[in-house]
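Content type mmCIF, C-alpha atoms, from the file structure-v1.cif:
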data_upload
loop_
_atom_site.label_atom_id
_atom_site.label_comp_id
_atom_site.auth_asym_id
_atom_site.auth_seq_id
_atom_site.Cartn_x
_atom_site.Cartn_y
_atom_site.Cartn_z
CA MET A 1 39.09 6.04 13.65
CA LYS A 2 37.99 3.15 11.43
CA THR A 3 36.73 1.23 14.49
CA PHE A 4 34.68 4.28 15.56
CA LYS A 5 33.09 4.50 12.08
CA ASN A 6 32.30 0.78 12.11
CA LEU A 7 30.80 1.04 15.61
CA PHE A 8 28.75 4.10 14.56
CA LEU A 9 27.56 2.36 11.39
CA ALA A 10 26.63 -0.82 13.29
CA THR A 11 24.72 1.20 15.92
CA PHE A 12 22.97 3.22 13.23
CA LEU A 13 21.91 0.10 11.29
CA ALA A 14 20.73 -1.70 14.42
CA THR A 15 18.70 1.30 15.60
CA GLY A 16 17.21 1.83 12.15
CA GLY A 17 16.35 -1.85 11.84
CA LEU A 18 14.60 -1.85 15.20
CA ALA A 19 12.67 1.27 14.31
CA LEU A 20 11.49 -0.18 11.01
CA THR A 21 10.49 -3.55 12.43
CA SER A 22 8.59 -2.01 15.33
CA CYS A 23 6.35 0.02 13.01
CA SER A 24 3.23 -1.63 11.74
CA ASN A 25 2.23 -1.05 8.15
CA ASP A 26 -1.24 -2.52 8.74
CA ASP A 27 -3.58 0.43 8.28
CA ASN A 28 -6.55 -1.94 8.37
CA SER A 29 -5.80 -3.28 11.80
CA SER A 30 -8.66 -5.37 13.10
CA ASP A 31 -7.96 -4.55 16.74
CA ASN A 32 -11.20 -2.58 16.86
CA GLU A 33 -13.47 -5.03 15.03
CA THR A 34 -14.90 -8.41 15.90
CA LEU A 35 -16.67 -10.92 13.72
CA ILE A 36 -20.10 -11.72 15.13
CA GLU A 37 -23.09 -13.92 14.37
CA ALA A 38 -26.35 -12.50 13.02
CA SER A 39 -28.02 -13.18 16.36
CA ALA A 40 -25.69 -10.58 17.93
CA LEU A 41 -26.98 -7.81 15.63
CA PRO A 42 -29.53 -5.44 17.13
CA GLU A 43 -33.08 -6.67 16.43
CA LEU A 44 -33.84 -3.57 14.36
CA ALA A 45 -30.97 -4.41 11.98
CA ARG A 46 -32.06 -8.05 11.64
CA THR A 47 -35.63 -6.94 10.90
CA PHE A 48 -34.40 -4.43 8.29
CA ILE A 49 -32.43 -7.13 6.48
CA ALA A 50 -35.25 -9.69 6.66
CA THR A 51 -37.73 -7.12 5.32
CA HIS A 52 -35.69 -5.61 2.48
CA PHE A 53 -33.35 -8.48 1.57
CA PRO A 54 -35.37 -11.63 2.35
CA ASP A 55 -33.49 -13.89 -0.08
CA ALA A 56 -30.00 -12.83 1.04
CA THR A 57 -27.87 -14.64 3.56
CA TYR A 58 -25.25 -13.21 5.87
CA VAL A 59 -21.71 -13.54 4.55
CA ARG A 60 -19.80 -11.51 7.13
CA ILE A 61 -20.77 -9.32 10.08
CA GLU A 62 -18.23 -7.10 11.78
CA LYS A 63 -18.82 -5.21 14.99
CA GLN A 64 -16.51 -2.22 15.13
CA ASN A 65 -15.76 -0.64 18.48
CA VAL A 66 -15.46 3.10 18.12
CA ALA A 67 -14.71 5.83 20.60
CA ASP A 68 -17.97 7.73 20.15
CA ALA A 69 -20.98 7.74 22.45
CA ASP A 70 -22.75 4.92 20.60
CA GLY A 71 -19.89 2.54 21.24
CA SER A 72 -20.05 0.41 18.09
CA ILE A 73 -21.28 0.00 14.55
CA TYR A 74 -22.08 -3.05 12.52
CA ASP A 75 -20.87 -3.73 8.99
CA VAL A 76 -22.98 -6.43 7.34
CA HIS A 77 -22.07 -8.14 4.05
CA LEU A 78 -24.86 -10.06 2.35
CA SER A 79 -24.76 -12.82 -0.26
CA ASN A 80 -26.43 -10.55 -2.86
CA GLY A 81 -23.47 -8.12 -2.79
CA PHE A 82 -25.05 -5.52 -0.52
CA GLU A 83 -23.07 -4.02 2.33
CA ILE A 84 -25.06 -2.29 5.06
CA ASP A 85 -23.77 -0.31 8.01
CA PHE A 86 -25.86 0.02 11.16
CA ASP A 87 -25.41 2.17 14.24
CA ALA A 88 -25.36 0.68 17.73
CA ASN A 89 -29.17 0.74 17.88
CA GLY A 90 -29.59 -1.08 14.56
CA ASN A 91 -30.55 1.92 12.40
CA TRP A 92 -29.04 1.76 8.92
CA THR A 93 -26.50 4.49 8.16
CA ASP A 94 -25.14 3.33 4.80
CA VAL A 95 -26.43 0.92 2.16
CA ASP A 96 -24.05 0.03 -0.67
CA GLY A 97 -25.54 -2.08 -3.42
CA ASN A 98 -22.20 -2.59 -5.17
CA ALA A 99 -23.74 -1.77 -8.57
CA ASN A 100 -27.16 -3.18 -7.58
CA ALA A 101 -30.25 -1.02 -7.14
CA ILE A 102 -31.12 -0.05 -3.57
CA PRO A 103 -34.68 -1.18 -2.75
CA THR A 104 -36.88 1.90 -3.09
CA ALA A 105 -38.79 1.00 0.06
CA ILE A 106 -35.84 2.11 2.20
CA LEU A 107 -35.31 5.39 0.36
CA PRO A 108 -37.02 8.64 1.31
CA GLU A 109 -39.84 9.13 -1.22
CA THR A 110 -38.63 12.62 -2.15
CA ILE A 111 -35.24 11.22 -3.17
CA THR A 112 -36.80 8.41 -5.20
CA ASN A 113 -39.10 10.90 -6.94
CA TYR A 114 -36.21 13.27 -7.74
CA VAL A 115 -34.02 10.53 -9.21
CA THR A 116 -36.90 9.03 -11.22
CA ALA A 117 -37.83 12.43 -12.66
CA ASN A 118 -34.31 13.64 -13.41
CA TYR A 119 -32.39 10.42 -14.12
CA PRO A 120 -35.02 7.97 -15.45
CA ASP A 121 -32.45 5.55 -16.90
CA LEU A 122 -30.39 5.31 -13.70
CA PHE A 123 -30.89 3.83 -10.25
CA ILE A 124 -29.55 4.51 -6.76
CA SER A 125 -26.69 2.15 -5.95
CA THR A 126 -25.56 3.68 -2.65
CA ILE A 127 -27.14 5.86 0.00
CA GLU A 128 -25.48 7.19 3.13
CA ILE A 129 -27.05 9.16 5.94
CA GLU A 130 -24.86 12.13 6.87
CA THR A 131 -25.26 14.81 9.52
CA THR A 132 -26.72 17.24 6.99
CA GLY A 133 -28.81 14.79 4.98
CA TYR A 134 -28.16 12.09 2.42
CA ASP A 135 -25.35 11.28 0.00
CA VAL A 136 -26.66 9.24 -2.92
CA GLU A 137 -24.64 7.56 -5.65
CA LEU A 138 -26.33 6.68 -8.91
CA SER A 139 -25.55 3.72 -11.15
CA ASN A 140 -23.35 5.96 -13.35
CA ASP A 141 -21.25 7.01 -10.27
CA LEU A 142 -22.87 10.47 -10.10
CA ASP A 143 -23.08 11.66 -6.48
CA LEU A 144 -26.12 13.66 -5.40
CA ILE A 145 -26.50 15.49 -2.11
CA PHE A 146 -29.91 15.85 -0.43
CA ASN A 147 -30.80 17.65 2.79
CA SER A 148 -32.35 15.88 5.78
CA GLN A 149 -35.85 16.37 4.30
CA GLY A 150 -34.75 14.57 1.13
CA GLU A 151 -34.69 17.71 -1.01
CA PHE A 152 -32.02 17.93 -3.70
CA VAL A 153 -29.15 20.28 -2.79
CA ARG A 154 -26.40 19.73 -5.36
CA ILE A 155 -24.29 17.36 -7.38
CA SER A 156 -21.20 16.37 -5.42
CA ASN A 157 -17.72 16.83 -6.90
#
Could the structure of this file be written out as structure tokens, please?
Amino acid sequence: MKTFKNLFLATFLATGGLALTSCSNDDNSSDNETLIEASALPELARTFIATHFPDATYVRIEKQNVADADGSIYDVHLSNGFEIDFDANGNWTDVDGNANAIPTAILPETITNYVTANYPDLFISTIEIETTGYDVELSNDLDLIFNSQGEFVRISN
């Protein structure tokens, strides 16, 4: 009986050990992303960066392969702290200033006007294009939601 228990325990431990070692705990697996050079970015993305961030240099550019129809997105990190996401065609989808002000030239004028009128001491530090409009984060971490025409909808929770 003791031999059976020892055999059972050894089998249980071996099976459990195999199961634990075969599982990956890397939720940020880079299997779907590739580091690329700036020359591999779509021309529209390179032009956007040169126009709005002329003094910044590229720190890191990741091309992420995704299963949607566009096929990939680009995540660009600049020397001035900005992180910009572009779709496969080079259109920006998300600009994160990391506590820096987003250049107003890239913002819809209605959004800039709303923030200036209602939050004159704050600036926009992040803007993301969503299916229903824009998600904007102000310098005090307040999130504002705007529709696709740039009209204020609500404060996000």
Looking at only C-alpha atoms, which of A:Ala38, A:Phe82, A:Glu43, A:Arg154 is the one that sits closest to A:Ala56?
A:Phe82
I need the residue nearest A:Leu44 from this list: A:Leu142, A:Val76, A:Ile111, A:Ala88. Use only C-alpha atoms for the distance.
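Checking each candidate against A:Leu44, we get A:Ala88 as the closest.
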Surrounding residues of A:Leu78 excluding itself and chain neighbours under 4 positions, 12 Å, all atoms listed in the file, as a count of residues only
23
What does the structure give for the distance between atom CA of A:Ile124 and atom CA of A:Ala99, in Å to one decimal?
8.7 Å
Given all atoms listed in the file as the counted atoms, nearest of A:Leu41, A:Ile36, A:Leu122, A:Ala105 to A:Leu138
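Distance minimum relative to A:Leu138 lands on A:Leu122.
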